[in-house]
$ cat start-v1.txt   # compact mmCIF, C-alpha atoms
# COMPACT_ATOMS: atom_id res chain seq x y z
CA MET X 455 54.65 4.80 129.80
CA SER X 456 51.25 6.43 130.12
CA GLU X 457 50.27 9.19 127.70
CA ARG X 458 50.67 12.76 128.91
CA LYS X 459 47.25 14.23 129.46
CA ASN X 460 46.03 17.52 130.84
CA GLN X 461 44.36 17.21 134.23
CA HIS X 462 40.94 18.50 135.27
CA VAL X 463 39.52 18.96 138.74
CA ILE X 464 35.75 18.99 138.42
CA PRO X 465 32.76 18.82 140.74
CA PHE X 466 30.73 15.64 140.38
CA GLU X 467 27.85 14.40 142.47
CA GLY X 468 28.80 16.46 145.49
CA ARG X 469 32.48 15.51 145.45
CA TRP X 470 35.56 16.51 143.47
CA SER X 471 36.99 14.28 140.80
CA VAL X 472 40.32 14.33 138.99
CA ARG X 473 40.00 13.40 135.35
CA SER X 474 42.52 13.25 132.56
CA ALA X 475 41.45 15.11 129.42
CA GLY X 476 39.34 12.81 127.28
CA ALA X 477 39.01 10.13 129.97
CA VAL X 478 35.60 8.59 130.46
CA ARG X 479 35.97 8.15 134.20
CA ALA X 480 37.63 9.90 137.09
CA SER X 481 41.10 8.72 138.04
CA ARG X 482 40.34 9.61 141.66
CA THR X 483 37.58 11.29 143.62
CA PHE X 484 37.92 13.34 146.79
CA ASP X 485 35.60 14.86 149.37
CA SER X 486 37.77 17.96 149.51
CA ARG X 487 38.43 20.27 146.58
CA GLN X 488 41.87 21.10 147.95
CA ASP X 489 42.85 17.44 148.12
CA ALA X 490 41.69 16.94 144.53
CA ILE X 491 43.69 19.97 143.40
CA ALA X 492 46.82 18.76 145.20
CA HIS X 493 46.55 15.34 143.57
CA ALA X 494 45.85 16.72 140.09
CA ARG X 495 48.60 19.32 140.41
CA GLU X 496 51.13 16.62 141.21
CA ARG X 497 50.01 14.57 138.20
CA ALA X 498 50.22 17.58 135.89
CA ARG X 499 53.62 18.55 137.27
CA ARG X 500 54.96 15.02 136.86
CA GLN X 501 53.65 14.74 133.30
CA GLY X 502 54.47 18.30 132.26
CA THR X 503 50.87 19.04 131.30
CA VAL X 504 48.19 21.60 132.18
CA LEU X 505 45.97 21.64 135.26
CA TYR X 506 42.47 23.07 134.93
CA ILE X 507 40.51 23.71 138.09
CA HIS X 508 36.78 23.95 137.43
CA GLY X 509 34.29 25.72 139.64
CA THR X 510 30.97 24.39 140.85
CA ASP X 511 29.48 25.97 137.72
CA GLY X 512 31.56 23.70 135.46
CA ARG X 513 33.63 26.50 133.99
CA VAL X 514 37.42 26.60 134.24
CA HIS X 515 38.30 28.97 137.07
CA GLU X 516 42.07 28.43 137.15
CA ARG X 517 44.64 27.19 134.68
CA ASP X 518 48.11 26.18 135.70
CA SER X 519 50.62 25.05 133.09
CA PHE X 520 53.51 22.70 133.80
CA GLU X 521 54.37 22.25 130.15
CA ARG X 522 58.10 21.85 129.67
CA VAL X 523 58.39 24.34 126.85
CA ALA X 524 58.55 28.11 126.77
CA GLU X 525 55.31 28.48 128.70
CA SER X 526 55.57 28.10 132.46
CA SER X 527 52.83 30.26 133.86
CA SER X 528 50.90 29.99 137.06
CA GLU X 529 47.71 32.02 137.53
CA MET I 1219 21.29 31.51 110.64
CA PRO I 1220 21.00 29.10 107.72
CA ASP I 1221 17.91 26.92 107.48
CA VAL I 1222 18.02 24.11 110.02
CA PRO I 1223 15.85 20.99 109.54
CA PHE I 1224 12.84 20.87 111.89
CA ASP I 1225 14.06 17.69 113.61
CA ALA I 1226 17.52 19.15 114.22
CA ALA I 1227 16.53 22.53 115.66
CA VAL I 1228 16.14 23.08 119.41
CA PHE I 1229 14.40 26.20 120.66
CA VAL I 1230 16.12 27.37 123.86
CA ASN I 1231 14.02 29.63 126.05
CA CYS I 1232 15.82 30.65 129.22
CA PRO I 1233 17.23 33.63 131.10
CA PHE I 1234 20.10 35.33 129.29
CA ASP I 1235 22.15 36.85 132.09
CA ASP I 1236 25.52 36.27 133.72
CA GLU I 1237 24.00 34.39 136.63
CA PHE I 1238 22.28 31.83 134.41
CA ALA I 1239 25.01 31.63 131.75
CA PRO I 1240 26.82 28.54 133.16
CA LEU I 1241 23.56 26.57 133.16
CA LEU I 1242 22.68 27.72 129.65
CA GLU I 1243 26.16 26.83 128.40
CA ALA I 1244 25.98 23.35 129.94
CA ALA I 1245 22.66 22.78 128.16
CA LEU I 1246 24.03 24.17 124.88
CA PHE I 1247 27.01 21.87 125.12
CA CYS I 1248 24.74 18.83 125.30
CA VAL I 1249 22.57 20.07 122.42
CA VAL I 1250 25.59 20.63 120.18
CA ARG I 1251 27.29 17.42 121.32
CA PHE I 1252 24.22 15.43 120.27
CA GLY I 1253 24.24 16.98 116.81
CA PHE I 1254 21.39 19.47 117.21
CA THR I 1255 21.30 23.18 116.47
CA PRO I 1256 20.21 25.45 119.31
CA ARG I 1257 18.06 28.44 118.42
CA LEU I 1258 18.26 31.02 121.16
CA ALA I 1259 15.41 33.37 121.89
CA ASN I 1260 17.92 36.24 122.07
CA GLU I 1261 19.35 35.68 118.59
CA ARG I 1262 20.14 38.89 116.80
CA LEU I 1263 17.27 40.44 114.86
CA GLU I 1264 17.57 41.09 111.17
CA ALA I 1265 16.96 44.69 110.14
CA GLY I 1266 13.29 45.53 110.52
CA GLU I 1267 12.46 42.18 112.13
CA ASN I 1268 9.98 42.10 114.97
CA ARG I 1269 11.02 40.31 118.18
CA LEU I 1270 7.79 38.36 118.52
CA ASP I 1271 7.87 37.35 114.84
CA LYS I 1272 11.40 36.05 115.39
CA ILE I 1273 10.32 34.00 118.42
CA VAL I 1274 7.32 32.54 116.59
CA SER I 1275 9.48 31.61 113.60
CA MET I 1276 11.96 29.79 115.85
CA VAL I 1277 9.19 27.99 117.72
CA ARG I 1278 7.62 26.92 114.44
CA ALA I 1279 10.94 25.65 113.11
CA ALA I 1280 12.04 23.50 116.08
CA LYS I 1281 10.78 20.05 117.00
CA ASN I 1282 12.43 20.11 120.42
CA SER I 1283 12.43 22.88 122.97
CA ILE I 1284 14.13 23.57 126.29
CA HIS I 1285 12.14 25.93 128.49
CA ASP I 1286 13.72 27.13 131.70
CA LEU I 1287 11.03 28.61 133.91
CA SER I 1288 13.19 28.74 137.02
CA ARG I 1289 12.78 32.46 137.43
CA SER I 1290 9.24 32.04 138.65
CA GLN I 1291 10.44 33.51 141.93
CA ALA I 1292 12.26 36.81 142.35
CA LEU I 1293 15.84 36.43 143.51
CA ARG I 1294 15.87 39.83 145.17
CA LYS I 1295 13.29 42.06 146.79
CA GLY I 1296 11.82 44.47 144.28
CA GLU I 1297 13.01 42.51 141.24
CA ASP I 1298 10.68 42.77 138.27
CA PHE I 1299 8.96 39.55 137.30
CA ARG I 1300 10.48 38.12 134.14
CA MET I 1301 7.58 37.18 131.89
CA ASN I 1302 9.40 36.46 128.64
CA MET I 1303 10.13 32.82 129.47
CA PRO I 1304 6.58 31.79 130.46
CA PHE I 1305 5.22 33.81 127.56
CA GLU I 1306 7.47 32.05 125.04
CA PHE I 1307 6.65 28.70 126.60
CA GLY I 1308 2.98 29.56 126.04
CA VAL I 1309 3.68 30.39 122.41
CA ASP I 1310 5.33 26.98 122.01
CA VAL I 1311 2.44 25.18 123.70
CA GLY I 1312 0.09 27.02 121.38
CA ARG I 1313 1.99 25.84 118.33
CA ARG I 1314 1.96 22.25 119.56
CA ARG I 1315 -1.79 22.41 120.09
CA SER I 1316 -2.53 24.29 116.90
CA GLY I 1317 -4.03 21.26 115.19
CA ILE I 1318 -1.24 21.10 112.64
CA ALA I 1319 -0.30 17.43 112.55
CA ALA I 1320 3.41 18.03 112.00
CA LEU I 1321 3.62 20.10 115.18
CA ALA I 1322 1.68 17.76 117.46
CA ASP I 1323 4.78 15.78 118.37
CA LYS I 1324 6.89 18.76 119.42
CA LYS I 1325 8.83 17.77 122.55
CA PHE I 1326 9.48 20.00 125.54
CA LEU I 1327 12.02 19.80 128.32
CA ILE I 1328 10.83 22.10 131.10
CA PHE I 1329 13.04 23.19 133.99
CA GLU I 1330 12.24 24.72 137.33
CA ARG I 1331 14.76 25.49 140.02
CA ASP I 1332 13.21 23.73 143.02
CA PRO I 1333 10.45 21.12 143.26
CA TYR I 1334 6.89 22.47 143.06
CA ALA I 1335 8.01 26.08 142.58
CA LEU I 1336 6.38 26.13 139.17
CA LYS I 1337 3.14 24.60 140.35
CA ARG I 1338 2.63 27.65 142.55
CA ALA I 1339 3.53 30.17 139.86
CA LEU I 1340 2.07 28.48 136.78
CA SER I 1341 -0.55 25.97 137.86
CA ASP I 1342 -1.85 25.65 134.28
CA ILE I 1343 0.99 23.26 133.50
CA ALA I 1344 -0.02 20.78 136.19
CA GLY I 1345 0.47 17.27 134.85
CA GLN I 1346 3.52 18.16 132.74
CA ASP I 1347 6.86 16.61 133.59
CA VAL I 1348 9.15 19.28 134.98
CA GLU I 1349 12.82 18.82 135.85
CA CYS I 1350 14.48 20.57 138.80
CA HIS I 1351 18.05 21.75 138.34
CA HIS I 1352 18.59 23.47 141.71
CA GLY I 1353 20.86 25.90 139.88
CA GLU I 1354 23.41 23.13 139.21
CA HIS I 1355 24.92 22.57 135.77
CA GLU I 1356 25.37 18.85 136.39
CA ARG I 1357 21.63 18.40 136.85
CA VAL I 1358 20.99 20.40 133.68
CA MET I 1359 23.34 18.18 131.70
CA LYS I 1360 21.83 15.02 133.08
CA ALA I 1361 18.27 16.12 132.30
CA VAL I 1362 19.16 17.31 128.78
CA ARG I 1363 21.00 14.06 128.17
CA HIS I 1364 18.04 11.95 129.29
CA PHE I 1365 15.61 14.08 127.27
CA PHE I 1366 17.45 13.64 123.98
CA ARG I 1367 18.20 9.99 124.65
CA VAL I 1368 14.53 9.20 125.26
CA GLU I 1369 12.71 11.66 123.01
CA ALA I 1370 15.11 11.80 120.08
CA GLY I 1371 16.88 8.46 120.44
CA VAL I 1372 20.36 9.96 120.28
CA ASP I 1373 23.40 7.83 121.00
CA ALA I 1374 24.23 9.73 124.18
CA PRO I 1375 27.11 8.86 126.49
CA GLY I 1376 26.34 8.39 130.17
CA PRO I 1377 26.12 11.50 132.35
CA SER I 1378 29.53 10.94 133.91
CA GLN I 1379 31.22 10.76 130.51
CA LEU I 1380 29.26 13.79 129.33
CA VAL I 1381 30.53 15.81 132.29
CA SER I 1382 34.07 14.67 131.46
CA GLU I 1383 33.63 15.72 127.86
CA TYR I 1384 32.39 19.14 128.96
CA ALA I 1385 35.51 19.59 131.12
CA THR I 1386 37.71 18.45 128.22
CA PHE I 1387 35.98 20.93 125.92
CA GLU I 1388 36.44 23.77 128.42
CA GLY I 1389 40.17 23.11 128.63
CA TRP I 1390 40.44 22.84 124.84
CA MET I 1391 38.58 26.13 124.40
CA ILE I 1392 40.68 28.02 126.96
CA ASP I 1393 43.92 26.88 125.33
CA LYS I 1394 42.61 27.69 121.85
CA LYS I 1395 41.65 31.18 122.92
CA ILE I 1396 45.02 31.77 124.58
CA ASP I 1397 46.66 30.60 121.35
CA GLU I 1398 44.50 33.08 119.45
CA GLY I 1399 45.70 35.98 121.57
CA HIS I 1400 43.43 36.08 124.60
CA SER I 1401 44.82 36.34 128.10
CA ALA I 1402 43.88 33.41 130.34
CA ALA I 1403 41.43 35.66 132.20
CA GLU I 1404 39.83 36.81 128.93
CA ALA I 1405 39.56 33.23 127.73
CA ARG I 1406 37.61 32.35 130.85
CA GLN I 1407 35.15 35.22 130.39
CA LEU I 1408 33.94 34.68 126.86
CA PRO I 1409 30.33 35.56 126.04
CA THR I 1410 27.96 32.63 125.65
CA ARG I 1411 27.63 33.20 121.90
CA GLU I 1412 31.37 32.77 121.39
CA ARG I 1413 31.43 29.71 123.64
CA LEU I 1414 28.68 28.22 121.51
CA ASP I 1415 30.78 28.79 118.38
CA GLU I 1416 33.66 26.98 120.08
CA MET I 1417 31.43 24.07 121.07
CA ARG I 1418 30.59 23.59 117.40
CA ALA I 1419 34.27 23.89 116.48
CA TRP I 1420 35.24 21.30 119.09
CA VAL I 1421 32.60 18.81 117.91
CA ASN I 1422 33.47 19.44 114.26
CA SER I 1423 37.15 18.80 115.09
CA GLY I 1424 36.29 15.32 116.37
CA ARG I 1425 36.09 16.20 120.09
CA PRO I 1426 39.87 16.31 120.68
CA ASP I 1427 41.29 15.64 124.14
CA GLN I 1428 43.59 18.63 124.01
CA TYR I 1429 44.16 21.70 121.87
CA LYS I 1430 47.12 21.54 119.53
CA LYS I 1431 48.91 24.87 119.32
CA ARG I 1432 49.33 26.51 115.96
CA ARG I 1433 52.88 26.69 114.63
CA LYS I 1434 54.13 30.26 114.62
$ encode --input "start-v1.txt" --output "structure tokens"
Amino acid sequence: MSERKNQHVIPFEGRWSVRSAGAVRASRTFDSRQDAIAHARERARRQGTVLYIHGTDGRVHERDSFERVAESSSE
Amino acid sequence: MPDVPFDAAVFVNCPFDDEFAPLLEAALFCVVRFGFTPRLANERLEAGENRLDKIVSMVRAAKNSIHDLSRSQALRKGEDFRMNMPFEFGVDVGRRRSGIAALADKKFLIFERDPYALKRALSDIAGQDVECHHGEHERVMKAVRHFFRVEAGVDAPGPSQLVSEYATFEGWMIDKKIDEGHSAAEARQLPTRERLDEMRAWVNSGRPDQYKKRRK
């Protein structure tokens, strides 16, 4: 079973990549930000982790938690 | 700020405003990640300290410098020309050319926003290598990474990994701040100085993949 990792959607070289926290490389890369978010959201939901959506400036613009504990917020 | 060895200090001369903050923070992340100590031109003054004296002391104490001269063009009609950055760059050039042997190998990374913009505004630096960032944090990180890899010989990860690490840090910082009592929105809007403190904390913690919540 793969380790549960938070998911990041980040801009990279003109596209949008989905990367697990601490991973060296992207797990997948998309032309569309929305497609990247949908993919990362599904991964985070399945693993019960946190999704961070970064803006083109690199900062986190949205955080969406799927942790299966007390916290279950969506911003 | 405690004394920082000359080789470890990096003088950072750039705009300090909300618009530029993401680029500055991306550069600071690389500097801290590579084990250097950034000295910012807007560091708080001690009582009675003169601003120019403070700048000169930082320039004198740093082997490496990052000069962002991308505001050589006004962004809006009627905007005042920002002369602090080119002035402080000039101070640094003066120190390097002062004839003091120890300062002759000071290294500069110079940024402009778009190609050749600086040549029109500051033709005296013709012949210097200047990096364009086009206002993009990725380009800043790549240029800072290459600069420290080549000029300081740091063991730097590739640009793609560095960008991943920055994203990992951002997530770690947001969760840490929420755990410390910030709302998610507040955690996303931290001032650069506090973000810099968290960059140091993240590196000192061994660059963790995720923040571990405190037991309450």
$ residues_around --input "start-v1.txt" --residues "I:Arg1406" --least-positions-apart "4" --cutoff "7 Å" --atoms "only C-alpha atoms" --output "list in words"
Val514 of chain X; Ile1392 and Ala1402 of chain I
$ closest_atom_pairs --input "start-v1.txt" --of "chain I" --to "chain X" --cutoff "12 Å" --atoms "all atoms listed in the file" --output "tab-separated table"
residue	atom	partner	partner_atom	distance
I:Asp1236	CA	X:Asp511	CA	11.7
I:Glu1237	CA	X:Asp511	CA	10.1
I:Phe1238	CA	X:Asp511	CA	9.9
I:Ala1239	CA	X:Asp511	CA	9.4
I:Pro1240	CA	X:Asp511	CA	5.9
I:Leu1241	CA	X:Asp511	CA	7.5
I:Leu1242	CA	X:Asp511	CA	10.7
I:Glu1243	CA	X:Arg513	CA	9.3
I:Ala1244	CA	X:Gly512	CA	7.9
I:Ala1245	CA	X:Gly512	CA	11.5
I:Phe1247	CA	X:Gly512	CA	11.4
I:His1352	CA	X:Asp511	CA	11.9
I:Gly1353	CA	X:Asp511	CA	8.9
I:Glu1354	CA	X:Asp511	CA	6.9
I:His1355	CA	X:Asp511	CA	6.0
I:Glu1356	CA	X:Phe466	CA	7.4
I:Arg1357	CA	X:Glu467	CA	9.3
I:Val1358	CA	X:Asp511	CA	10.9
I:Met1359	CA	X:Gly512	CA	10.6
I:Lys1360	CA	X:Glu467	CA	11.2
I:Pro1375	CA	X:Val478	CA	9.4
I:Gly1376	CA	X:Val478	CA	9.3
I:Pro1377	CA	X:Val478	CA	10.1
I:Ser1378	CA	X:Arg479	CA	7.0
I:Gln1379	CA	X:Val478	CA	4.9
I:Leu1380	CA	X:Val478	CA	8.3
I:Val1381	CA	X:Phe466	CA	8.1
I:Ser1382	CA	X:Val478	CA	6.3
I:Glu1383	CA	X:Gly476	CA	6.4
I:Tyr1384	CA	X:Gly512	CA	8.0
I:Ala1385	CA	X:His462	CA	6.9
I:Thr1386	CA	X:Ala475	CA	5.2
I:Phe1387	CA	X:Ala475	CA	8.7
I:Glu1388	CA	X:Val514	CA	6.5
I:Gly1389	CA	X:Tyr506	CA	6.7
I:Trp1390	CA	X:Ala475	CA	9.0
I:Met1391	CA	X:Val514	CA	9.9
I:Ile1392	CA	X:Val514	CA	8.1
I:Asp1393	CA	X:Arg517	CA	9.4
I:Ile1396	CA	X:Arg517	CA	11.1
I:Asp1397	CA	X:Glu525	CA	11.5
I:Ser1401	CA	X:Glu529	CA	10.8
I:Ala1402	CA	X:Arg517	CA	7.6
I:Ala1403	CA	X:Glu516	CA	8.8
I:Glu1404	CA	X:His515	CA	11.4
I:Ala1405	CA	X:Val514	CA	9.5
I:Arg1406	CA	X:Val514	CA	6.7
I:Gln1407	CA	X:Arg513	CA	9.6
I:Leu1408	CA	X:Arg513	CA	10.9
I:Thr1410	CA	X:Arg513	CA	11.8
I:Arg1413	CA	X:Arg513	CA	11.1
I:Gly1424	CA	X:Gly476	CA	11.6
I:Arg1425	CA	X:Gly476	CA	8.6
I:Pro1426	CA	X:Gly476	CA	7.5
I:Asp1427	CA	X:Gly476	CA	4.7
I:Gln1428	CA	X:Ala475	CA	6.8
I:Tyr1429	CA	X:Asn460	CA	10.1
I:Lys1431	CA	X:Glu525	CA	11.9
$ axis_aligned_box --input "start-v1.txt" --around "stretch 468-477 of chain X" --padding-each-side "3 Å" --output "JSON"
{"center_x": 35.7, "center_y": 13.3, "center_z": 136.4, "size_x": 19.7, "size_y": 12.4, "size_z": 24.2}
$ residues_around --input "start-v1.txt" --residues "I:Leu1336" --least-positions-apart "5" --cutoff "12 Å" --atoms "all atoms listed in the file" --output "PyMOL selection string"
chain I and resi 1286-1291+1304+1328-1331+1341-1350
$ atom_distance --input "start-v1.txt" --atom1 "atom CA of I:Ala1322" --atom2 "atom CA of I:Lys1337"
23.9 Å
$ atom_distance --input "start-v1.txt" --atom1 "atom CA of I:Arg1278" --atom2 "atom CA of I:Arg1313"
6.9 Å
$ build_atoms --input "start-v1.txt" --residues "stretch 466-486 of chain X" --atoms "N, CA, C and O atoms" --output "mmCIF file, keeping the file's coordinate frame"
data_model
loop_
_atom_site.group_PDB
_atom_site.id
_atom_site.type_symbol
_atom_site.label_atom_id
_atom_site.label_comp_id
_atom_site.auth_asym_id
_atom_site.auth_seq_id
_atom_site.Cartn_x
_atom_site.Cartn_y
_atom_site.Cartn_z
ATOM 1 N N PHE X 466 31.600 16.703 140.895
ATOM 2 C CA PHE X 466 30.730 15.640 140.380
ATOM 3 C C PHE X 466 30.013 14.969 141.532
ATOM 4 O O PHE X 466 30.651 14.433 142.439
ATOM 5 N N GLU X 467 28.721 15.036 141.487
ATOM 6 C CA GLU X 467 27.850 14.400 142.470
ATOM 7 C C GLU X 467 28.276 14.722 143.894
ATOM 8 O O GLU X 467 28.382 13.843 144.757
ATOM 9 N N GLY X 468 28.525 15.994 144.140
ATOM 10 C CA GLY X 468 28.800 16.460 145.490
ATOM 11 C C GLY X 468 30.233 16.259 145.952
ATOM 12 O O GLY X 468 30.577 16.612 147.085
ATOM 13 N N ARG X 469 31.082 15.695 145.099
ATOM 14 C CA ARG X 469 32.480 15.510 145.450
ATOM 15 C C ARG X 469 33.345 16.142 144.350
ATOM 16 O O ARG X 469 32.824 16.796 143.461
ATOM 17 N N TRP X 470 34.640 15.931 144.445
ATOM 18 C CA TRP X 470 35.560 16.510 143.470
ATOM 19 C C TRP X 470 36.357 15.398 142.806
ATOM 20 O O TRP X 470 36.998 14.607 143.491
ATOM 21 N N SER X 471 36.271 15.342 141.494
ATOM 22 C CA SER X 471 36.990 14.280 140.800
ATOM 23 C C SER X 471 38.141 14.833 139.983
ATOM 24 O O SER X 471 38.106 15.974 139.524
ATOM 25 N N VAL X 472 39.160 14.012 139.836
ATOM 26 C CA VAL X 472 40.320 14.330 138.990
ATOM 27 C C VAL X 472 40.193 13.473 137.750
ATOM 28 O O VAL X 472 40.055 12.249 137.843
ATOM 29 N N ARG X 473 40.175 14.132 136.610
ATOM 30 C CA ARG X 473 40.000 13.400 135.350
ATOM 31 C C ARG X 473 41.046 13.861 134.340
ATOM 32 O O ARG X 473 41.276 15.053 134.179
ATOM 33 N N SER X 474 41.631 12.906 133.662
ATOM 34 C CA SER X 474 42.520 13.250 132.560
ATOM 35 C C SER X 474 41.680 13.686 131.376
ATOM 36 O O SER X 474 40.564 13.171 131.173
ATOM 37 N N ALA X 475 42.191 14.629 130.589
ATOM 38 C CA ALA X 475 41.450 15.110 129.420
ATOM 39 C C ALA X 475 41.082 13.938 128.521
ATOM 40 O O ALA X 475 41.929 13.111 128.196
ATOM 41 N N GLY X 476 39.811 13.861 128.172
ATOM 42 C CA GLY X 476 39.340 12.810 127.280
ATOM 43 C C GLY X 476 38.991 11.512 127.966
ATOM 44 O O GLY X 476 38.430 10.609 127.332
ATOM 45 N N ALA X 477 39.298 11.392 129.260
ATOM 46 C CA ALA X 477 39.010 10.130 129.970
ATOM 47 C C ALA X 477 37.510 10.033 130.241
ATOM 48 O O ALA X 477 36.831 11.025 130.469
ATOM 49 N N VAL X 478 37.021 8.815 130.209
ATOM 50 C CA VAL X 478 35.600 8.590 130.460
ATOM 51 C C VAL X 478 35.299 8.704 131.948
ATOM 52 O O VAL X 478 34.273 9.247 132.359
ATOM 53 N N ARG X 479 36.219 8.198 132.754
ATOM 54 C CA ARG X 479 35.970 8.150 134.200
ATOM 55 C C ARG X 479 37.014 8.943 134.966
ATOM 56 O O ARG X 479 38.102 9.230 134.447
ATOM 57 N N ALA X 480 36.681 9.210 136.220
ATOM 58 C CA ALA X 480 37.630 9.900 137.090
ATOM 59 C C ALA X 480 38.773 8.964 137.443
ATOM 60 O O ALA X 480 38.581 7.754 137.605
ATOM 61 N N SER X 481 39.976 9.535 137.569
ATOM 62 C CA SER X 481 41.100 8.720 138.040
ATOM 63 C C SER X 481 41.033 8.601 139.561
ATOM 64 O O SER X 481 41.360 7.561 140.126
ATOM 65 N N ARG X 482 40.583 9.679 140.213
ATOM 66 C CA ARG X 482 40.340 9.610 141.660
ATOM 67 C C ARG X 482 39.270 10.634 142.031
ATOM 68 O O ARG X 482 39.085 11.629 141.342
ATOM 69 N N THR X 483 38.610 10.368 143.149
ATOM 70 C CA THR X 483 37.580 11.290 143.620
ATOM 71 C C THR X 483 37.839 11.613 145.098
ATOM 72 O O THR X 483 38.249 10.739 145.861
ATOM 73 N N PHE X 484 37.604 12.882 145.432
ATOM 74 C CA PHE X 484 37.920 13.340 146.790
ATOM 75 C C PHE X 484 36.700 14.067 147.379
ATOM 76 O O PHE X 484 35.890 14.651 146.652
ATOM 77 N N ASP X 485 36.630 14.055 148.697
ATOM 78 C CA ASP X 485 35.600 14.860 149.370
ATOM 79 C C ASP X 485 35.987 16.333 149.351
ATOM 80 O O ASP X 485 35.133 17.209 149.313
ATOM 81 N N SER X 486 37.281 16.583 149.405
ATOM 82 C CA SER X 486 37.770 17.960 149.510
ATOM 83 C C SER X 486 38.317 18.452 148.171
ATOM 84 O O SER X 486 39.080 17.747 147.497
#
